[in-house]
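A.B. asks: Shown below is the structure under consideration.
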Amino acid sequence: MTRYLLVGLLALGLPTPVAYAQTTLLPTNYQRRLPVVPIDSVTHLITYRGLLPAAGLPQAEVYSRAQEWLARQFEQYDQVVRFADAGRGVLIGQAIVQALGPAQKNLEARRFNLLFRFQLRARAGGLQYELTDLSYPNYPVTSAASDASGGLAADGLAQWQRADDFARISTTAAQNRRQPVEPALRDYDQYTSKGEPKPRMLQQCQGIQDAMTVLVASLEQALAQPLP
């Protein structure tokens, strides 16, 4: 019976169930290009990854140096590292850095906080790194429109909260207040009518690139120190 039904549908020019299923597949979303920063070809997200040399160092020493670097760079190690496996040489966590977007046309240089997640994998003679999930922290916004003194106090509290998040690097609450950078950077308003990036977006991308490359360079320097 099913065979005759399909034949009848074809004869009438109507779509068969198989043809209908094929037409409902969603097309691949268009991903607007981002300048300066490296983009993963699969996720289309900003991703920094590579292998840093640590010539002559055993895995245990590479792992130890990565731990020391995290502790020096971000102050409170236990707030940064979410998973650590010395046997496998793996460190996974999340942190905050302060980026500086350089001056652009009609725009002064601008500082902004940047959340990211990291994966470090130590091995004899080198360290694999991956920095992903770059995000802007979302902080409470207050207004002094109705009560100037109350508004200023609330603003002060919000500023203290920002400083506290930066000092403690990353908490569960901080992760719930993050906005991935890619949707914001790829917004239509960030491009000219010719599809070129506007100065504000270029400033953000350059600030992200500079902050991440400085981090990687610092880690590479820590690995390059000779054994005592």
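Starting from 1 in every chain, residues are counted up; chains themselves are A, B, ... following the order of the structure tokens, and ligands are numbered from 1 as listed.
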Within 10 Å of stretch 113-137 of chain A, which residues of stretch 23-91 of chain A show up? Give each one with its shortest atom-to-atom distance in Å (one decimal) and the two atoms involved, counting only C-alpha atoms, rows by chain then rising residue number, as CSV.

C.D. replies:
residue,atom,partner,partner_atom,distance
A:Asp40,CA,A:Thr132,CA,9.8
A:Leu45,CA,A:Asp133,CA,7.8
A:Ile46,CA,A:Thr132,CA,6.7
A:Thr47,CA,A:Thr132,CA,5.1
A:Tyr48,CA,A:Leu131,CA,5.0
A:Arg49,CA,A:Glu130,CA,4.2
A:Gly50,CA,A:Tyr129,CA,5.6
A:Leu51,CA,A:Gln128,CA,4.4
A:Leu52,CA,A:Leu127,CA,5.1
A:Pro53,CA,A:Gly126,CA,4.4
A:Ala54,CA,A:Gly126,CA,4.5
A:Ala55,CA,A:Gly125,CA,4.8
A:Gly56,CA,A:Gly125,CA,5.6
A:Leu57,CA,A:Gly125,CA,5.2
A:Pro58,CA,A:Ala124,CA,4.4
A:Gln59,CA,A:Ala124,CA,4.2
A:Ala60,CA,A:Ala122,CA,7.7
A:Glu61,CA,A:Ala124,CA,8.4
A:Val62,CA,A:Ala122,CA,5.7
A:Tyr63,CA,A:Ala122,CA,5.2
A:Ser64,CA,A:Ala122,CA,9.0
A:Arg65,CA,A:Ala122,CA,9.5
A:Ala66,CA,A:Leu120,CA,7.8
A:Gln67,CA,A:Leu120,CA,9.6
A:Val80,CA,A:Arg117,CA,9.3
A:Val81,CA,A:Phe118,CA,9.0
A:Arg82,CA,A:Phe118,CA,10.0
A:Phe83,CA,A:Gln119,CA,9.4
A:Ala84,CA,A:Leu120,CA,9.6
A:Asp85,CA,A:Arg121,CA,9.5
A:Ala86,CA,A:Ala122,CA,8.9
A:Gly87,CA,A:Ala122,CA,9.8
A:Arg88,CA,A:Ala122,CA,7.7
A:Gly89,CA,A:Ala122,CA,4.7
A:Val90,CA,A:Arg121,CA,4.6
A:Leu91,CA,A:Leu120,CA,5.0

A.B. asks: Please list as JSON, numbers by chain every residue within 6 Å of A:Gln204, counting only C-alpha atoms and excluding residues in the same chain fewer than 3 positions away.

C.D. replies: {"A": [101, 201, 207]}

A.B. asks: Any idea what the distance is between atom CA of A:Arg32 and atom CA of A:Leu107?

C.D. replies: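 About the pair atom CA of A:Arg32 and atom CA of A:Leu107: they are 22.9 Å apart.
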
A.B. asks: Measure the distance from atom CA of A:Trp69 to atom CA of A:Ser41 in Å and round it to one decimal.

C.D. replies: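 Answer for the atom CA of A:Trp69 to atom CA of A:Ser41 separation: 29.4 Å.
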
A.B. asks: So how far away is atom CA of A:Leu100 from atom CA of A:Gln221, in Å?

C.D. replies: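 If I compute the distance from atom CA of A:Gln221 to atom CA of A:Leu100, I get 21.5 Å.
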
A.B. asks: Which residues come within 12 Å of A:Gln203, counting only C-alpha atoms, excluding same-chain residues fewer than 5 positions away, as a list in words?

C.D. replies: Leu34, Pro35, Val36, Val37, Ala99, Leu100, Gly101, Pro102, Ala103, Gln104, Lys105, Asn106, Leu107, Glu108, Ala109, Arg110, Arg111, Phe112, Leu185, Gln190, Pro197, Lys198, Ile208, Gln209 and Asp210 of chain A
